[in-house]
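**Q** Next up, start21.pdb (PDB, C-alpha atoms).
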MODEL        1
ATOM      1  CA  MET A1101       0.000   0.000   0.000
ATOM      2  CA  GLU A1102       1.325   3.409  -0.924
ATOM      3  CA  LEU A1103      -0.440   6.297   0.822
ATOM      4  CA  THR A1104      -1.180   9.239  -1.450
ATOM      5  CA  LYS A1105      -3.168  12.463  -1.287
ATOM      6  CA  THR A1106      -5.939  10.758  -3.218
ATOM      7  CA  ASN A1107      -6.196   7.347  -1.524
ATOM      8  CA  TYR A1108      -5.509   7.727   2.211
ATOM      9  CA  VAL A1109      -9.204   8.108   3.133
ATOM     10  CA  ASP A1110     -10.203   5.013   1.147
ATOM     11  CA  GLN A1111      -7.331   3.083   2.733
ATOM     12  CA  ALA A1112      -8.494   4.148   6.211
ATOM     13  CA  GLU A1113     -12.044   3.025   5.456
ATOM     14  CA  LYS A1114     -10.849  -0.427   4.338
ATOM     15  CA  VAL A1115      -8.657  -0.855   7.407
ATOM     16  CA  MET A1116     -11.283   0.144   9.944
ATOM     17  CA  ASN A1117     -13.991  -1.921   8.268
ATOM     18  CA  ASN A1118     -11.808  -5.024   8.635
ATOM     19  CA  LEU A1119     -10.680  -4.731  12.258
ATOM     20  CA  LYS A1120     -11.465  -7.478  14.754
ATOM     21  CA  LYS A1121     -14.857  -7.125  16.395
ATOM     22  CA  ASN A1122     -16.258  -8.392  19.679
ATOM     23  CA  ASN A1123     -19.358 -10.569  20.093
ATOM     24  CA  LYS A1124     -21.544  -7.430  19.801
ATOM     25  CA  ASN A1125     -19.962  -6.667  16.401
ATOM     26  CA  LYS A1126     -18.115  -3.628  17.809
ATOM     27  CA  ILE A1127     -14.487  -2.914  16.962
ATOM     28  CA  ILE A1128     -12.262  -4.190  19.794
ATOM     29  CA  LEU A1129      -9.866  -1.241  19.513
ATOM     30  CA  THR A1130     -10.969   1.341  22.067
ATOM     31  CA  THR A1131     -11.410   5.027  21.403
ATOM     32  CA  SER A1132      -8.793   5.877  24.038
ATOM     33  CA  LYS A1133      -6.134   3.717  22.352
ATOM     34  CA  ILE A1134      -6.650   5.173  18.886
ATOM     35  CA  ARG A1135      -6.968   8.739  20.198
ATOM     36  CA  ASN A1136      -3.630   8.413  22.025
ATOM     37  CA  ILE A1137      -2.019   7.714  18.661
ATOM     38  CA  LEU A1138      -3.918  10.611  17.084
ATOM     39  CA  THR A1139      -2.826  13.035  19.817
ATOM     40  CA  THR A1140       0.860  12.403  19.189
ATOM     41  CA  THR A1141       0.353  12.521  15.430
ATOM     42  CA  ALA A1142      -1.627  15.782  15.635
ATOM     43  CA  THR A1143       1.122  17.413  17.695
ATOM     44  CA  ILE A1144       3.665  16.527  15.013
ATOM     45  CA  PHE A1145       1.314  17.675  12.237
ATOM     46  CA  ASP A1146       0.832  21.068  13.912
ATOM     47  CA  LYS A1147       4.613  21.561  13.958
ATOM     48  CA  VAL A1148       5.355  20.491  10.393
ATOM     49  CA  LYS A1149       2.481  22.044   8.468
ATOM     50  CA  ARG A1150       3.854  25.573   8.961
ATOM     51  CA  ASN A1151       7.207  24.873   7.340
ATOM     52  CA  GLN A1152       8.357  23.880   3.866
ATOM     53  CA  GLY A1153      11.100  21.736   2.417
ATOM     54  CA  LYS A1154      12.647  18.705   4.026
ATOM     55  CA  LEU A1155      11.910  17.883   7.646
ATOM     56  CA  SER A1156      14.342  19.272  10.196
ATOM     57  CA  ILE A1157      16.345  16.956  12.436
ATOM     58  CA  GLU A1158      13.967  17.789  15.300
ATOM     59  CA  GLU A1159      10.931  16.936  13.155
ATOM     60  CA  VAL A1160      12.509  13.652  12.027
ATOM     61  CA  SER A1161      13.200  12.909  15.689
ATOM     62  CA  ASP A1162       9.511  13.515  16.483
ATOM     63  CA  VAL A1163       8.565  11.009  13.771
ATOM     64  CA  GLN A1164      10.991   8.474  15.242
ATOM     65  CA  ASN A1165       9.449   9.041  18.682
ATOM     66  CA  LEU A1166       5.990   8.325  17.260
ATOM     67  CA  ARG A1167       7.325   5.139  15.674
ATOM     68  CA  MET A1168       8.739   4.075  19.032
ATOM     69  CA  LYS A1169       5.354   4.702  20.712
ATOM     70  CA  LEU A1170       3.592   2.616  18.074
ATOM     71  CA  VAL A1171       6.030  -0.250  18.574
ATOM     72  CA  TYR A1172       5.556  -0.017  22.352
ATOM     73  CA  GLU A1173       1.746  -0.103  22.081
ATOM     74  CA  TYR A1174       2.016  -2.999  19.643
ATOM     75  CA  GLY A1175       4.138  -4.927  22.126
ATOM     76  CA  ARG A1176       1.795  -4.178  25.026
ATOM     77  CA  ASP A1177      -1.219  -5.629  23.230
ATOM     78  CA  GLU A1178      -2.100  -9.135  24.334
ATOM     79  CA  LEU A1179      -0.075  -8.832  27.545
ATOM     80  CA  GLY A1180      -2.047 -10.799  30.051
ATOM     81  CA  ASN A1181      -5.154 -12.436  28.656
ATOM     82  CA  LYS A1182      -7.056  -9.483  27.227
ATOM     83  CA  GLU A1183      -6.459  -8.329  23.683
ATOM     84  CA  ASN A1184      -7.078  -4.601  23.225
ATOM     85  CA  GLY A1185      -7.062  -4.500  19.427
ATOM     86  CA  VAL A1186      -3.918  -2.394  18.986
ATOM     87  CA  ARG A1187      -1.886  -5.150  17.350
ATOM     88  CA  ASP A1188      -4.660  -5.866  14.829
ATOM     89  CA  PHE A1189      -5.042  -2.134  14.145
ATOM     90  CA  ILE A1190      -1.324  -1.497  13.603
ATOM     91  CA  ASP A1191      -0.945  -4.607  11.437
ATOM     92  CA  LYS A1192      -3.881  -3.797   9.173
ATOM     93  CA  SER A1193      -3.185  -0.052   8.942
ATOM     94  CA  ASN A1194       0.541  -0.585   8.288
ATOM     95  CA  LEU A1195       1.284   2.385  10.560
ATOM     96  CA  ILE A1196       4.777   1.197  11.451
ATOM     97  CA  GLU A1197       5.724   0.320   7.874
ATOM     98  CA  GLU A1198       4.317   3.594   6.552
ATOM     99  CA  ILE A1199       6.155   5.704   9.129
ATOM    100  CA  LYS A1200       9.438   4.102   8.046
ATOM    101  CA  LYS A1201       8.855   5.453   4.523
ATOM    102  CA  ILE A1202       8.676   9.098   5.653
ATOM    103  CA  GLY A1203      12.387   9.801   6.145
ATOM    104  CA  ASP A1204      12.719  13.590   5.840
ATOM    105  CA  ASP A1205       9.860  13.992   3.339
ATOM    106  CA  ARG A1206       7.419  16.590   4.694
ATOM    107  CA  GLU A1207       4.666  15.705   2.191
ATOM    108  CA  LYS A1208       4.756  12.019   3.172
ATOM    109  CA  LEU A1209       4.493  12.992   6.829
ATOM    110  CA  ILE A1210       1.508  15.260   6.181
ATOM    111  CA  ILE A1211      -0.281  12.483   4.277
ATOM    112  CA  TYR A1212       0.553  10.045   7.101
ATOM    113  CA  CYS A1213      -0.933  12.411   9.700
ATOM    114  CA  LYS A1214      -4.096  12.850   7.636
ATOM    115  CA  TYR A1215      -4.293   9.061   7.268
ATOM    116  CA  VAL A1216      -4.230   8.644  11.056
ATOM    117  CA  GLU A1217      -6.969  11.263  11.347
ATOM    118  CA  ALA A1218      -9.047   9.359   8.764
ATOM    119  CA  LEU A1219      -8.530   6.122  10.706
ATOM    120  CA  VAL A1220      -9.940   7.790  13.829
ATOM    121  CA  ALA A1221     -12.903   9.137  11.859
ATOM    122  CA  TYR A1222     -13.730   5.694  10.472
ATOM    123  CA  HIS A1223     -13.271   4.146  13.914
ATOM    124  CA  ARG A1224     -16.113   6.370  15.086
ATOM    125  CA  TYR A1225     -18.139   5.755  11.912
ATOM    126  CA  PHE A1226     -17.942   1.977  12.279
ATOM    127  CA  GLY A1227     -18.878   2.111  15.957
ATOM    128  CA  GLY A1228     -15.547   1.704  17.706
ATOM    129  CA  LYS A1229     -16.107   1.171  21.399
ATOM    130  CA  ASP A1230     -15.368   3.631  24.176
ATOM    131  CA  ASN A1231     -13.652   2.860  27.430
TER     132      ASN A1231
ENDMDL
END
For this file, produce the structure as C-alpha coordinates.
**A**
Amino acid sequence: MELTKTNYVDQAEKVMNNLKKNNKNKIILTTSKIRNILTTTATIFDKVKRNQGKLSIEEVSDVQNLRMKLVYEYGRDELGNKENGVRDFIDKSNLIEEIKKIGDDREKLIIYCKYVEALVAYHRYFGGKDN
(Lines of atoms letter the chains of each structure in order from A and count residues from 1; the text may use other names and numbers.)
(Lines give C-alpha, C1' and ligand atoms only; values in the text may rest on other atoms or scores of the structure.)
Protein backbone atom coordinates (compact mmCIF):
# COMPACT_ATOMS: atom_id res chain seq x y z
CA MET A 1 0.00 0.00 0.00
CA GLU A 2 1.33 3.41 -0.92
CA LEU A 3 -0.44 6.30 0.82
CA THR A 4 -1.18 9.24 -1.45
CA LYS A 5 -3.17 12.46 -1.29
CA THR A 6 -5.94 10.76 -3.22
CA ASN A 7 -6.20 7.35 -1.52
CA TYR A 8 -5.51 7.73 2.21
CA VAL A 9 -9.20 8.11 3.13
CA ASP A 10 -10.20 5.01 1.15
CA GLN A 11 -7.33 3.08 2.73
CA ALA A 12 -8.49 4.15 6.21
CA GLU A 13 -12.04 3.03 5.46
CA LYS A 14 -10.85 -0.43 4.34
CA VAL A 15 -8.66 -0.85 7.41
CA MET A 16 -11.28 0.14 9.94
CA ASN A 17 -13.99 -1.92 8.27
CA ASN A 18 -11.81 -5.02 8.63
CA LEU A 19 -10.68 -4.73 12.26
CA LYS A 20 -11.46 -7.48 14.75
CA LYS A 21 -14.86 -7.13 16.39
CA ASN A 22 -16.26 -8.39 19.68
CA ASN A 23 -19.36 -10.57 20.09
CA LYS A 24 -21.54 -7.43 19.80
CA ASN A 25 -19.96 -6.67 16.40
CA LYS A 26 -18.11 -3.63 17.81
CA ILE A 27 -14.49 -2.91 16.96
CA ILE A 28 -12.26 -4.19 19.79
CA LEU A 29 -9.87 -1.24 19.51
CA THR A 30 -10.97 1.34 22.07
CA THR A 31 -11.41 5.03 21.40
CA SER A 32 -8.79 5.88 24.04
CA LYS A 33 -6.13 3.72 22.35
CA ILE A 34 -6.65 5.17 18.89
CA ARG A 35 -6.97 8.74 20.20
CA ASN A 36 -3.63 8.41 22.03
CA ILE A 37 -2.02 7.71 18.66
CA LEU A 38 -3.92 10.61 17.08
CA THR A 39 -2.83 13.03 19.82
CA THR A 40 0.86 12.40 19.19
CA THR A 41 0.35 12.52 15.43
CA ALA A 42 -1.63 15.78 15.64
CA THR A 43 1.12 17.41 17.69
CA ILE A 44 3.67 16.53 15.01
CA PHE A 45 1.31 17.68 12.24
CA ASP A 46 0.83 21.07 13.91
CA LYS A 47 4.61 21.56 13.96
CA VAL A 48 5.36 20.49 10.39
CA LYS A 49 2.48 22.04 8.47
CA ARG A 50 3.85 25.57 8.96
CA ASN A 51 7.21 24.87 7.34
CA GLN A 52 8.36 23.88 3.87
CA GLY A 53 11.10 21.74 2.42
CA LYS A 54 12.65 18.71 4.03
CA LEU A 55 11.91 17.88 7.65
CA SER A 56 14.34 19.27 10.20
CA ILE A 57 16.34 16.96 12.44
CA GLU A 58 13.97 17.79 15.30
CA GLU A 59 10.93 16.94 13.16
CA VAL A 60 12.51 13.65 12.03
CA SER A 61 13.20 12.91 15.69
CA ASP A 62 9.51 13.51 16.48
CA VAL A 63 8.57 11.01 13.77
CA GLN A 64 10.99 8.47 15.24
CA ASN A 65 9.45 9.04 18.68
CA LEU A 66 5.99 8.33 17.26
CA ARG A 67 7.32 5.14 15.67
CA MET A 68 8.74 4.08 19.03
CA LYS A 69 5.35 4.70 20.71
CA LEU A 70 3.59 2.62 18.07
CA VAL A 71 6.03 -0.25 18.57
CA TYR A 72 5.56 -0.02 22.35
CA GLU A 73 1.75 -0.10 22.08
CA TYR A 74 2.02 -3.00 19.64
CA GLY A 75 4.14 -4.93 22.13
CA ARG A 76 1.80 -4.18 25.03
CA ASP A 77 -1.22 -5.63 23.23
CA GLU A 78 -2.10 -9.13 24.33
CA LEU A 79 -0.07 -8.83 27.55
CA GLY A 80 -2.05 -10.80 30.05
CA ASN A 81 -5.15 -12.44 28.66
CA LYS A 82 -7.06 -9.48 27.23
CA GLU A 83 -6.46 -8.33 23.68
CA ASN A 84 -7.08 -4.60 23.23
CA GLY A 85 -7.06 -4.50 19.43
CA VAL A 86 -3.92 -2.39 18.99
CA ARG A 87 -1.89 -5.15 17.35
CA ASP A 88 -4.66 -5.87 14.83
CA PHE A 89 -5.04 -2.13 14.15
CA ILE A 90 -1.32 -1.50 13.60
CA ASP A 91 -0.95 -4.61 11.44
CA LYS A 92 -3.88 -3.80 9.17
CA SER A 93 -3.18 -0.05 8.94
CA ASN A 94 0.54 -0.58 8.29
CA LEU A 95 1.28 2.38 10.56
CA ILE A 96 4.78 1.20 11.45
CA GLU A 97 5.72 0.32 7.87
CA GLU A 98 4.32 3.59 6.55
CA ILE A 99 6.16 5.70 9.13
CA LYS A 100 9.44 4.10 8.05
CA LYS A 101 8.85 5.45 4.52
CA ILE A 102 8.68 9.10 5.65
CA GLY A 103 12.39 9.80 6.14
CA ASP A 104 12.72 13.59 5.84
CA ASP A 105 9.86 13.99 3.34
CA ARG A 106 7.42 16.59 4.69
CA GLU A 107 4.67 15.71 2.19
CA LYS A 108 4.76 12.02 3.17
CA LEU A 109 4.49 12.99 6.83
CA ILE A 110 1.51 15.26 6.18
CA ILE A 111 -0.28 12.48 4.28
CA TYR A 112 0.55 10.05 7.10
CA CYS A 113 -0.93 12.41 9.70
CA LYS A 114 -4.10 12.85 7.64
CA TYR A 115 -4.29 9.06 7.27
CA VAL A 116 -4.23 8.64 11.06
CA GLU A 117 -6.97 11.26 11.35
CA ALA A 118 -9.05 9.36 8.76
CA LEU A 119 -8.53 6.12 10.71
CA VAL A 120 -9.94 7.79 13.83
CA ALA A 121 -12.90 9.14 11.86
CA TYR A 122 -13.73 5.69 10.47
CA HIS A 123 -13.27 4.15 13.91
CA ARG A 124 -16.11 6.37 15.09
CA TYR A 125 -18.14 5.75 11.91
CA PHE A 126 -17.94 1.98 12.28
CA GLY A 127 -18.88 2.11 15.96
CA GLY A 128 -15.55 1.70 17.71
CA LYS A 129 -16.11 1.17 21.40
CA ASP A 130 -15.37 3.63 24.18
CA ASN A 131 -13.65 2.86 27.43
**Q** Would you work out the distance separating atom CA of A:Arg1224 from atom CA of A:Met1101, expressed in Å to one decimal?
**A**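 So the two atoms, atom CA of A:Arg1224 and atom CA of A:Met1101, lie 23.0 Å apart.
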**Q** Could you write out as a list of chain:residue names the residues that the PyMOL selection byres ((chain A and resi 1197) around 12) matches in the shown file?
**A**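 Written out, the selection comes to A:Met1101, A:Glu1102, A:Leu1103, A:Arg1167, A:Leu1170, A:Val1171, A:Ile1190, A:Asp1191, A:Lys1192, A:Ser1193, A:Asn1194, A:Leu1195, A:Ile1196, A:Glu1198, A:Ile1199, A:Lys1200, A:Lys1201, A:Ile1202, A:Gly1203, A:Tyr1212.
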**Q** Hey, can you check how far atom CA of A:Val1148 sits from atom CA of A:Leu1129?
**A**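 About the pair atom CA of A:Val1148 and atom CA of A:Leu1129: they are 28.1 Å apart.
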**Q** Closest to A:Phe1145 among A:Ile1157, A:His1223, A:Leu1166, A:Val1115, using all atoms listed in the file?
**A**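 Smallest distance to A:Phe1145 is found for A:Leu1166.
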**Q** Going by the chain IDs and residue numbers used in this file, which residues fall under the PyMOL selection byres ((chain A and resi 1219-1221) around 9)? Write them as a list in words.
**A**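 With the PyMOL selection byres ((chain A and resi 1219-1221) around 9) on this model, the match is Val1109, Gln1111, Ala1112, Glu1113, Val1115, Met1116, Thr1131, Ile1134, Arg1135, Leu1138, Ser1193, Lys1214, Tyr1215, Val1216, Glu1217, Ala1218, Tyr1222, His1223, Arg1224, Tyr1225 and Phe1226 of chain A.
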**Q** Measuring between only C-alpha atoms, which one of A:Leu1155, A:Val1160, A:Ile1144, A:Cys1213 shows the shortest distance to A:Tyr1108?
**A**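 Ranked by minimum distance to A:Tyr1108, first place goes to A:Cys1213.
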**Q** I need the residue nearest A:Glu1207 from this list: A:Ser1132, A:Thr1143, A:Asn1165, A:Gln1152. Use all atoms listed in the file for the distance.
**A**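 The shortest atom-to-atom distance to A:Glu1207 comes from A:Gln1152.
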**Q** Tell me which of A:Lys1133, A:Arg1187, A:Lys1126, A:Lys1121 sits closest to A:Gly1228, counting only C-alpha atoms.
**A**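 Using only C-alpha atoms, the shortest distance to A:Gly1228 belongs to A:Lys1126.
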**Q** Do you have the atom CA of A:Gln1164-atom CA of A:Asn1151 distance handy?
**A**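 It comes out at 18.6 Å.
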**Q** From the options A:Asn1117, A:Asn1123, A:Ile1210, A:Glu1173, which residue's atoms come nearest to A:Ile1137, counting only C-alpha atoms?
**A**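 Using only C-alpha atoms, A:Ile1137 sits closest to A:Glu1173.
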**Q** Quick one: of A:Asp1177, A:Asp1188, A:Glu1159, A:Asp1146, who's nearest to A:Leu1119, counting all atoms listed in the file?
**A**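 The closest residue to A:Leu1119 is A:Asp1188.
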